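**Student:** The following block contains the structure, expressed as structure tokens.
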Amino acid sequence: MAGGAIGYKSLKTSDPSSPLYVKENDLSLQTISKYMGSSLQHVVTALPPPLPHHRNKQIYLLASIILCCVVIHNATLLSLAADNCNIALKDSSGFFTDIPLSEWKKKKDRVKNQPRHNDKELGLRSKYTNRNSPSKWYEHNWQTNFECTAKRRIGGTSEGSKVVCDPHRIPQSARRSGKRSKEESDDGCLIYSFGRGSPNSPVFDFSFETEILEELGGPDSCELHFFDHRLDNYGGDAPDGIIVHHWGLEGKVDAPKARRDFMTMKEIVHHLGHEGRSLEIMRIDCDGCEWHTFSEWITSGVRPRQVVTSLHGAPRNEDELFEILEKNNYVIFHREADTRYGGMWQEYGFLKLSPSFFGDNNLD
């Protein structure tokens, strides 16, 4: 057994170029899986060719002991890796499955400590400054505070395109979201998309919707609903997999106008029978309706995981949109000025995390 232990220790290396090198405290599942394959291959290729001698049995017995040690050690590492990623898994309600504890702690610290407003430069209550100049207001308020390492713009360069947090995670996230209680449904992936993106163009560009479906596995990979009150002027057929509705989104404050081609969020959810469903993505680009509807995005019977939206102008009611989303456990993973309109419009991406992400958990 002593020989086996010596042989096993010889596998370890401090050479970063070696396939057997593991960075200290890096216990991600990908790293451990790579290490397992490399270490086993290293042992097997190091075995001598068969010898016509009785010592051949002893050599292969020793090699078997070494292999057993490697397998046991690797199994332990995999267990540690899973435990090491469990906090991120829990804090993200199953969205992030492979982020090590050390990296996740940095994300939590950033959200906790990053200022929401630039009081240091502009003085107290700076959120009321530059309200008539949207580009300046956004420069000093509500910056990105969470990083999605694989976030990507979906929809090319069209005006309706949006940046989505780690779209490769969505299929697994949709499966994990599942049924939360006996009263809630379990119907898989669901996406809402409001507005065509351009207020002036008569053309409906479904680039975002078609690309996200391709990313998720094709037209049947997710139930995607597209809403716009101007669809009556659209003469073409919607691409495969996209369910179109000829009405726009309005807030409860606008409901008394009795417009036949608009619905509130709650009316939409009820009409489609989606109460209790999880929305993997809610895309909103509705030319200003966001200011009358934001308080209803998360109180109308569905649970949006990602909200990707265009904000037209500075907030009209202080910054309640941001505060309400933050109070409901959303972080900002993307912010970008729309330079086509001089920064008066801004693109934001919000990601919902578990309440435990914002608590004072002991991560040591």
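Residue numbering restarts at 1 for every chain of the structure tokens, chains are lettered A, B, ... in their displayed order, and ligands are numbered from 1 as they appear.
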Which residues come within 10 Å of A:Pro239, counting only C-alpha atoms, excluding same-chain residues fewer than 6 positions away, as a PyMOL selection string?
**Tutor:** chain A and resi 206-207+209-210+219
**Student:** Please write the residues from the selection above to a file, keeping C-alpha atoms, as a compact mmCIF listing (two decimals), in the first residue's frame.
**Tutor:**
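Result saved to again_3.txt:
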```
# COMPACT_ATOMS: atom_id res chain seq x y z
CA PHE A 206 -38.97 38.47 -35.17
CA SER A 207 -35.17 38.10 -34.97
CA GLU A 209 -37.89 35.33 -31.00
CA THR A 210 -36.52 33.08 -33.76
CA PRO A 219 -39.49 25.94 -32.57
```
**Student:** For A:Tyr330, work out the shell of residues within 9 Å, counting only C-alpha atoms and skipping chain neighbours fewer than 2 positions away, then give it as a CSV table (one decimal) with N, CA, C and O atoms, in the first residue's frame.
**Tutor:**
```csv
chain,number,residue,atom,x,y,z
A,305,ARG,N,-38.1,35.0,-14.6
A,305,ARG,CA,-36.8,34.8,-14.1
A,305,ARG,C,-35.9,35.9,-14.7
A,305,ARG,O,-35.1,36.5,-14.0
A,306,GLN,N,-36.0,36.2,-16.0
A,306,GLN,CA,-35.3,37.3,-16.6
A,306,GLN,C,-36.3,38.3,-17.2
A,306,GLN,O,-37.2,38.0,-17.8
A,322,PHE,N,-36.8,50.3,-10.4
A,322,PHE,CA,-35.6,49.6,-9.9
A,322,PHE,C,-35.8,49.2,-8.5
A,322,PHE,O,-35.4,48.0,-8.1
A,324,ILE,N,-38.6,48.4,-6.9
A,324,ILE,CA,-39.5,47.3,-6.8
A,324,ILE,C,-38.9,46.0,-7.2
A,324,ILE,O,-39.0,45.0,-6.6
A,325,LEU,N,-38.1,46.1,-8.3
A,325,LEU,CA,-37.5,44.9,-8.8
A,325,LEU,C,-36.4,44.4,-7.8
A,325,LEU,O,-36.3,43.2,-7.5
A,326,GLU,N,-35.7,45.3,-7.2
A,326,GLU,CA,-34.7,44.9,-6.2
A,326,GLU,C,-35.3,44.3,-5.0
A,326,GLU,O,-34.8,43.3,-4.4
A,327,LYS,N,-36.4,44.9,-4.5
A,327,LYS,CA,-37.1,44.3,-3.4
A,327,LYS,C,-37.7,42.9,-3.6
A,327,LYS,O,-37.9,42.1,-2.7
A,328,ASN,N,-37.9,42.6,-4.9
A,328,ASN,CA,-38.3,41.3,-5.3
A,328,ASN,C,-37.2,40.4,-5.8
A,328,ASN,O,-37.4,39.5,-6.6
A,332,ILE,N,-29.2,43.4,-11.5
A,332,ILE,CA,-29.0,44.0,-12.8
A,332,ILE,C,-27.8,43.3,-13.5
A,332,ILE,O,-26.6,43.6,-13.1
A,350,PHE,N,-32.6,42.2,-16.1
A,350,PHE,CA,-32.8,41.9,-14.7
A,350,PHE,C,-32.9,40.4,-14.5
A,350,PHE,O,-33.6,39.7,-15.3
A,351,LEU,N,-32.3,39.8,-13.5
A,351,LEU,CA,-32.3,38.4,-13.2
A,351,LEU,C,-32.8,38.2,-11.8
A,351,LEU,O,-32.3,38.8,-10.9
A,352,LYS,N,-33.8,37.3,-11.7
A,352,LYS,CA,-34.3,37.0,-10.3
A,352,LYS,C,-33.5,35.9,-9.7
A,352,LYS,O,-33.3,34.9,-10.2
A,353,LEU,N,-33.1,36.2,-8.4
A,353,LEU,CA,-32.4,35.2,-7.6
A,353,LEU,C,-33.2,34.9,-6.4
A,353,LEU,O,-34.3,35.5,-6.1
A,354,SER,N,-32.8,33.9,-5.6
A,354,SER,CA,-33.5,33.5,-4.4
A,354,SER,C,-33.3,34.5,-3.3
A,354,SER,O,-32.2,35.2,-3.3
```
**Student:** Between A:Ser300, A:Ser310, A:Asn118, A:Ser133, which one has atoms that come closest to A:Asp287, using only C-alpha atoms?
**Tutor:** A:Ser310
**Student:** Near A:Arg316, within 12 Å and counting only C-alpha atoms, which residues show up once chain neighbours fewer than 5 positions away are dropped, as a short mmCIF file (atom, residue, chain, number, x, y, z; two decimals) with N, CA, C and O atoms, in the first residue's frame?
**Tutor:**
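Okay, selection05.cif is ready:
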```
data_model
loop_
_atom_site.label_atom_id
_atom_site.label_comp_id
_atom_site.auth_asym_id
_atom_site.auth_seq_id
_atom_site.Cartn_x
_atom_site.Cartn_y
_atom_site.Cartn_z
N LYS A 127 -30.53 60.72 -6.67
CA LYS A 127 -31.44 60.09 -7.62
C LYS A 127 -32.46 61.08 -8.18
O LYS A 127 -33.12 60.79 -9.17
N TYR A 128 -32.58 62.26 -7.55
CA TYR A 128 -33.49 63.28 -8.06
C TYR A 128 -32.80 64.25 -9.01
O TYR A 128 -33.44 65.13 -9.58
N ASN A 130 -30.80 65.48 -12.41
CA ASN A 130 -30.78 65.20 -13.86
C ASN A 130 -31.98 64.40 -14.34
O ASN A 130 -31.89 63.67 -15.34
N ARG A 131 -33.10 64.56 -13.67
CA ARG A 131 -34.29 63.81 -14.09
C ARG A 131 -34.77 64.21 -15.48
O ARG A 131 -35.43 63.44 -16.17
N ASN A 132 -34.45 65.42 -15.90
CA ASN A 132 -34.86 65.90 -17.22
C ASN A 132 -33.84 65.58 -18.30
O ASN A 132 -34.03 65.96 -19.46
N SER A 133 -32.75 64.92 -17.92
CA SER A 133 -31.72 64.53 -18.88
C SER A 133 -31.44 63.04 -18.69
O SER A 133 -30.56 62.66 -17.91
N PRO A 134 -32.20 62.18 -19.38
CA PRO A 134 -32.10 60.74 -19.14
C PRO A 134 -30.68 60.18 -19.24
O PRO A 134 -30.27 59.37 -18.41
N TRP A 137 -28.93 61.02 -16.11
CA TRP A 137 -29.50 60.33 -14.95
C TRP A 137 -29.02 58.89 -14.89
O TRP A 137 -28.59 58.41 -13.83
N GLY A 288 -42.60 52.86 -24.10
CA GLY A 288 -43.00 53.68 -22.95
C GLY A 288 -44.01 53.04 -22.04
O GLY A 288 -44.24 53.55 -20.93
N CYS A 289 -44.61 51.91 -22.44
CA CYS A 289 -45.61 51.29 -21.56
C CYS A 289 -44.98 50.75 -20.28
O CYS A 289 -45.68 50.47 -19.31
N GLU A 290 -43.63 50.64 -20.28
CA GLU A 290 -42.97 50.08 -19.10
C GLU A 290 -43.26 50.89 -17.84
O GLU A 290 -43.33 50.33 -16.73
N TRP A 291 -43.42 52.21 -17.98
CA TRP A 291 -43.60 53.06 -16.80
C TRP A 291 -44.98 52.89 -16.17
O TRP A 291 -45.18 53.21 -15.01
N HIS A 292 -45.94 52.40 -16.94
CA HIS A 292 -47.29 52.16 -16.40
C HIS A 292 -47.52 50.70 -16.03
O HIS A 292 -48.58 50.38 -15.48
N PHE A 294 -44.69 48.36 -14.90
CA PHE A 294 -43.61 47.64 -14.22
C PHE A 294 -44.04 47.03 -12.90
O PHE A 294 -43.58 45.95 -12.51
N LEU A 311 -35.94 50.97 -21.57
CA LEU A 311 -36.53 52.04 -20.77
C LEU A 311 -36.42 53.33 -21.56
O LEU A 311 -35.33 53.74 -21.94
N LEU A 321 -39.24 51.74 -10.30
CA LEU A 321 -39.08 50.52 -11.11
C LEU A 321 -37.92 49.70 -10.57
O LEU A 321 -38.04 48.49 -10.34
N PHE A 322 -36.78 50.35 -10.38
CA PHE A 322 -35.59 49.64 -9.91
C PHE A 322 -35.77 49.15 -8.47
O PHE A 322 -35.35 48.05 -8.13
#
```
**Student:** Using only C-alpha atoms, pick whichever of A:Leu213, A:Glu296, A:His229, A:Ser221 has the shortest atom-to-atom distance to A:Cys189.
**Tutor:**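 Of A:Leu213, A:Glu296, A:His229, A:Ser221, the one nearest A:Cys189, counting only C-alpha atoms, is A:Ser221.
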**Student:** Using only C-alpha atoms, which residue out of A:Pro167, A:Glu159, A:Gly343, A:Leu89 lies closest to A:Glu215?
**Tutor:**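 Ranked by minimum distance to A:Glu215, first place goes to A:Pro167.
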**Student:** Between atom CA of A:Leu231 and atom CA of A:Arg260, what distance in Å does the model show, to one decimal?
**Tutor:**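 Between atom CA of A:Leu231 and atom CA of A:Arg260 the gap is 13.5 Å.
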**Student:** Where does DSSP see strand (DSSP E or B) in stretch 110-263 of chain A, if you list the residues as a list in words?
**Tutor:**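 Here are the strand (DSSP E or B) residues of stretch 110-263 of chain A: His117, Asn141, Arg152, Arg153, Ile154, Lys162, Val163, Val164, Leu190, Ile191, Tyr192, Ser193, Phe194, Glu223, Leu224, His225, Phe226, Phe227, Ile242, Ile243, Val244, His245, Gly248, Leu249, Phe262 and Met263 of chain A.
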**Student:** Per DSSP on the backbone, filter stretch 191-241 of chain A down to the residues in alpha helix (DSSP H) and report them as a PDB file with C-alpha atoms, in the first residue's frame.
**Tutor:**
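Below is the file states_37.pdb, written as the result:
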```pdb
ATOM      1  CA  SER A 207     -35.172  38.103 -34.966  1.00  0.00           C
ATOM      2  CA  PHE A 208     -35.116  37.905 -31.168  1.00  0.00           C
ATOM      3  CA  GLU A 209     -37.886  35.327 -30.999  1.00  0.00           C
ATOM      4  CA  THR A 210     -36.519  33.078 -33.756  1.00  0.00           C
ATOM      5  CA  GLU A 211     -32.954  33.177 -32.431  1.00  0.00           C
ATOM      6  CA  ILE A 212     -33.868  32.417 -28.826  1.00  0.00           C
ATOM      7  CA  LEU A 213     -35.915  29.422 -29.989  1.00  0.00           C
ATOM      8  CA  GLU A 214     -32.958  28.210 -32.054  1.00  0.00           C
ATOM      9  CA  GLU A 215     -30.712  28.654 -29.014  1.00  0.00           C
ATOM     10  CA  LEU A 216     -33.079  26.580 -26.884  1.00  0.00           C
TER      11      LEU A 216
END
```
**Student:** For A:Lys90, please output as a PyMOL selection string all residues within 12 Å (counting only C-alpha atoms; exclusion window: fewer than 3 positions along the same chain).
**Tutor:** chain A and resi 82-87+93-99+101+104+176+353-358+361
**Student:** I'd like the neighbourhood of A:Gly236 as a PyMOL selection string, where a residue qualifies if any of its atoms comes within 12 Å (using only C-alpha atoms), though same-chain residues fewer than 3 positions away should be ignored.
**Tutor:** chain A and resi 202-206+231-233+239+244
**Student:** Take the residues from that selection and write them out as a PDB file, in the first residue's frame, keeping all heavy atoms.
**Tutor:**
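That gives us out.pdb:
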```pdb
ATOM      1  N   PRO A 202     -42.830  49.934 -39.995  1.00  0.00           N
ATOM      2  CA  PRO A 202     -44.030  49.100 -40.142  1.00  0.00           C
ATOM      3  C   PRO A 202     -43.686  47.613 -40.215  1.00  0.00           C
ATOM      4  O   PRO A 202     -44.583  46.769 -40.248  1.00  0.00           O
ATOM      5  CB  PRO A 202     -44.621  49.593 -41.461  1.00  0.00           C
ATOM      6  CG  PRO A 202     -43.437  50.032 -42.258  1.00  0.00           C
ATOM      7  CD  PRO A 202     -42.470  50.616 -41.253  1.00  0.00           C
ATOM      8  N   VAL A 203     -42.401  47.301 -40.239  1.00  0.00           N
ATOM      9  CA  VAL A 203     -41.949  45.911 -40.393  1.00  0.00           C
ATOM     10  C   VAL A 203     -41.850  45.240 -39.031  1.00  0.00           C
ATOM     11  O   VAL A 203     -41.306  45.818 -38.081  1.00  0.00           O
ATOM     12  CB  VAL A 203     -40.585  45.867 -41.111  1.00  0.00           C
ATOM     13  CG1 VAL A 203     -40.088  44.429 -41.211  1.00  0.00           C
ATOM     14  CG2 VAL A 203     -40.687  46.495 -42.497  1.00  0.00           C
ATOM     15  N   PHE A 204     -42.358  44.024 -38.957  1.00  0.00           N
ATOM     16  CA  PHE A 204     -42.217  43.250 -37.727  1.00  0.00           C
ATOM     17  C   PHE A 204     -41.008  42.341 -37.859  1.00  0.00           C
ATOM     18  O   PHE A 204     -40.948  41.491 -38.740  1.00  0.00           O
ATOM     19  CB  PHE A 204     -43.483  42.422 -37.458  1.00  0.00           C
ATOM     20  CG  PHE A 204     -44.566  43.218 -36.792  1.00  0.00           C
ATOM     21  CD1 PHE A 204     -45.448  43.971 -37.550  1.00  0.00           C
ATOM     22  CD2 PHE A 204     -44.688  43.236 -35.413  1.00  0.00           C
ATOM     23  CE1 PHE A 204     -46.435  44.724 -36.944  1.00  0.00           C
ATOM     24  CE2 PHE A 204     -45.675  43.983 -34.796  1.00  0.00           C
ATOM     25  CZ  PHE A 204     -46.558  44.729 -35.561  1.00  0.00           C
ATOM     26  N   ASP A 205     -40.047  42.555 -37.001  1.00  0.00           N
ATOM     27  CA  ASP A 205     -38.809  41.779 -37.030  1.00  0.00           C
ATOM     28  C   ASP A 205     -38.843  40.783 -35.871  1.00  0.00           C
ATOM     29  O   ASP A 205     -38.815  41.172 -34.705  1.00  0.00           O
ATOM     30  CB  ASP A 205     -37.613  42.719 -36.899  1.00  0.00           C
ATOM     31  CG  ASP A 205     -36.280  41.990 -37.027  1.00  0.00           C
ATOM     32  OD1 ASP A 205     -36.283  40.742 -37.075  1.00  0.00           O
ATOM     33  OD2 ASP A 205     -35.238  42.669 -37.081  1.00  0.00           O
ATOM     34  N   PHE A 206     -38.907  39.501 -36.202  1.00  0.00           N
ATOM     35  CA  PHE A 206     -38.970  38.471 -35.167  1.00  0.00           C
ATOM     36  C   PHE A 206     -37.586  37.855 -34.904  1.00  0.00           C
ATOM     37  O   PHE A 206     -37.494  36.690 -34.525  1.00  0.00           O
ATOM     38  CB  PHE A 206     -39.950  37.368 -35.593  1.00  0.00           C
ATOM     39  CG  PHE A 206     -41.380  37.817 -35.679  1.00  0.00           C
ATOM     40  CD1 PHE A 206     -41.961  38.107 -36.904  1.00  0.00           C
ATOM     41  CD2 PHE A 206     -42.149  37.963 -34.532  1.00  0.00           C
ATOM     42  CE1 PHE A 206     -43.292  38.519 -36.995  1.00  0.00           C
ATOM     43  CE2 PHE A 206     -43.473  38.374 -34.603  1.00  0.00           C
ATOM     44  CZ  PHE A 206     -44.042  38.651 -35.839  1.00  0.00           C
ATOM     45  N   LEU A 231     -50.183  44.363 -34.827  1.00  0.00           N
ATOM     46  CA  LEU A 231     -50.079  43.167 -35.665  1.00  0.00           C
ATOM     47  C   LEU A 231     -51.176  43.092 -36.726  1.00  0.00           C
ATOM     48  O   LEU A 231     -51.044  42.360 -37.708  1.00  0.00           O
ATOM     49  CB  LEU A 231     -50.122  41.908 -34.793  1.00  0.00           C
ATOM     50  CG  LEU A 231     -48.780  41.472 -34.192  1.00  0.00           C
ATOM     51  CD1 LEU A 231     -48.992  40.427 -33.111  1.00  0.00           C
ATOM     52  CD2 LEU A 231     -47.857  40.927 -35.280  1.00  0.00           C
ATOM     53  N   ASP A 232     -52.264  43.826 -36.534  1.00  0.00           N
ATOM     54  CA  ASP A 232     -53.304  43.844 -37.560  1.00  0.00           C
ATOM     55  C   ASP A 232     -52.770  44.379 -38.887  1.00  0.00           C
ATOM     56  O   ASP A 232     -53.326  44.083 -39.956  1.00  0.00           O
ATOM     57  CB  ASP A 232     -54.497  44.695 -37.104  1.00  0.00           C
ATOM     58  CG  ASP A 232     -55.321  43.988 -36.037  1.00  0.00           C
ATOM     59  OD1 ASP A 232     -55.283  42.743 -35.988  1.00  0.00           O
ATOM     60  OD2 ASP A 232     -55.997  44.682 -35.254  1.00  0.00           O
ATOM     61  N   ASN A 233     -51.704  45.173 -38.818  1.00  0.00           N
ATOM     62  CA  ASN A 233     -51.107  45.735 -40.034  1.00  0.00           C
ATOM     63  C   ASN A 233     -50.023  44.828 -40.605  1.00  0.00           C
ATOM     64  O   ASN A 233     -49.392  45.170 -41.593  1.00  0.00           O
ATOM     65  CB  ASN A 233     -50.499  47.111 -39.721  1.00  0.00           C
ATOM     66  CG  ASN A 233     -51.538  48.092 -39.215  1.00  0.00           C
ATOM     67  OD1 ASN A 233     -52.668  48.090 -39.681  1.00  0.00           O
ATOM     68  ND2 ASN A 233     -51.148  48.912 -38.248  1.00  0.00           N
ATOM     69  N   PRO A 239     -43.137  33.339 -37.815  1.00  0.00           N
ATOM     70  CA  PRO A 239     -42.243  32.183 -37.933  1.00  0.00           C
ATOM     71  C   PRO A 239     -42.707  31.021 -37.057  1.00  0.00           C
ATOM     72  O   PRO A 239     -43.470  31.203 -36.098  1.00  0.00           O
ATOM     73  CB  PRO A 239     -40.894  32.743 -37.452  1.00  0.00           C
ATOM     74  CG  PRO A 239     -40.995  34.226 -37.644  1.00  0.00           C
ATOM     75  CD  PRO A 239     -42.437  34.550 -37.389  1.00  0.00           C
ATOM     76  N   VAL A 244     -48.632  34.516 -31.886  1.00  0.00           N
ATOM     77  CA  VAL A 244     -48.807  35.966 -31.907  1.00  0.00           C
ATOM     78  C   VAL A 244     -50.185  36.349 -31.377  1.00  0.00           C
ATOM     79  O   VAL A 244     -51.175  35.625 -31.566  1.00  0.00           O
ATOM     80  CB  VAL A 244     -48.605  36.531 -33.332  1.00  0.00           C
ATOM     81  CG1 VAL A 244     -47.196  36.277 -33.817  1.00  0.00           C
ATOM     82  CG2 VAL A 244     -49.624  35.949 -34.306  1.00  0.00           C
TER      83      VAL A 244
END
```
**Student:** Which polymer residues have any atom within 8 Å of an atom of A:Leu190, counting only C-alpha atoms, with same-chain residues fewer than 2 positions away left out, as a ChimeraX atom specification?
**Tutor:** /A:188,192,222-224,277-281
**Student:** Output N, CA and C atoms for every residue in that selection, as a PDB file, in the first residue's frame.
**Tutor:**
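Full text of part-v3.pdb as output:
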```
ATOM      1  N   GLY A 188     -43.276  23.464 -18.343  1.00  0.00           N
ATOM      2  CA  GLY A 188     -42.048  23.689 -19.081  1.00  0.00           C
ATOM      3  C   GLY A 188     -41.763  25.145 -19.393  1.00  0.00           C
ATOM      4  N   TYR A 192     -42.495  35.396 -22.781  1.00  0.00           N
ATOM      5  CA  TYR A 192     -43.355  36.467 -23.278  1.00  0.00           C
ATOM      6  C   TYR A 192     -42.464  37.505 -23.965  1.00  0.00           C
ATOM      7  N   CYS A 222     -39.726  25.754 -26.643  1.00  0.00           N
ATOM      8  CA  CYS A 222     -40.269  26.646 -25.621  1.00  0.00           C
ATOM      9  C   CYS A 222     -41.554  27.264 -26.152  1.00  0.00           C
ATOM     10  N   GLU A 223     -42.497  27.498 -25.271  1.00  0.00           N
ATOM     11  CA  GLU A 223     -43.754  28.145 -25.632  1.00  0.00           C
ATOM     12  C   GLU A 223     -43.538  29.658 -25.619  1.00  0.00           C
ATOM     13  N   LEU A 224     -43.555  30.270 -26.801  1.00  0.00           N
ATOM     14  CA  LEU A 224     -43.210  31.685 -26.921  1.00  0.00           C
ATOM     15  C   LEU A 224     -44.404  32.471 -27.446  1.00  0.00           C
ATOM     16  N   ARG A 277     -47.295  29.934 -13.644  1.00  0.00           N
ATOM     17  CA  ARG A 277     -46.183  29.513 -14.499  1.00  0.00           C
ATOM     18  C   ARG A 277     -44.941  30.357 -14.254  1.00  0.00           C
ATOM     19  N   SER A 278     -43.790  29.784 -14.549  1.00  0.00           N
ATOM     20  CA  SER A 278     -42.523  30.517 -14.548  1.00  0.00           C
ATOM     21  C   SER A 278     -42.245  31.014 -15.955  1.00  0.00           C
ATOM     22  N   LEU A 279     -41.852  32.274 -16.066  1.00  0.00           N
ATOM     23  CA  LEU A 279     -41.415  32.839 -17.340  1.00  0.00           C
ATOM     24  C   LEU A 279     -39.896  32.831 -17.357  1.00  0.00           C
ATOM     25  N   GLU A 280     -39.303  32.112 -18.292  1.00  0.00           N
ATOM     26  CA  GLU A 280     -37.841  32.138 -18.378  1.00  0.00           C
ATOM     27  C   GLU A 280     -37.354  33.502 -18.833  1.00  0.00           C
ATOM     28  N   ILE A 281     -38.077  34.120 -19.761  1.00  0.00           N
ATOM     29  CA  ILE A 281     -37.722  35.466 -20.230  1.00  0.00           C
ATOM     30  C   ILE A 281     -39.002  36.267 -20.425  1.00  0.00           C
TER      31      ILE A 281
END
```
**Student:** I'd like the neighbourhood of stretch 248-256 of chain A as a PyMOL selection string, where a residue qualifies if any of its atoms comes within 9 Å (using only C-alpha atoms), though same-chain residues fewer than 3 positions away should be ignored.
**Tutor:** chain A and resi 194-195+227-230+245+259+261-266+268+286+289-296
**Student:** Any idea what the distance is between atom CA of A:Trp142 and atom CA of A:Ala337?
**Tutor:**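 Distance reported for this atom pair: 12.6 Å.
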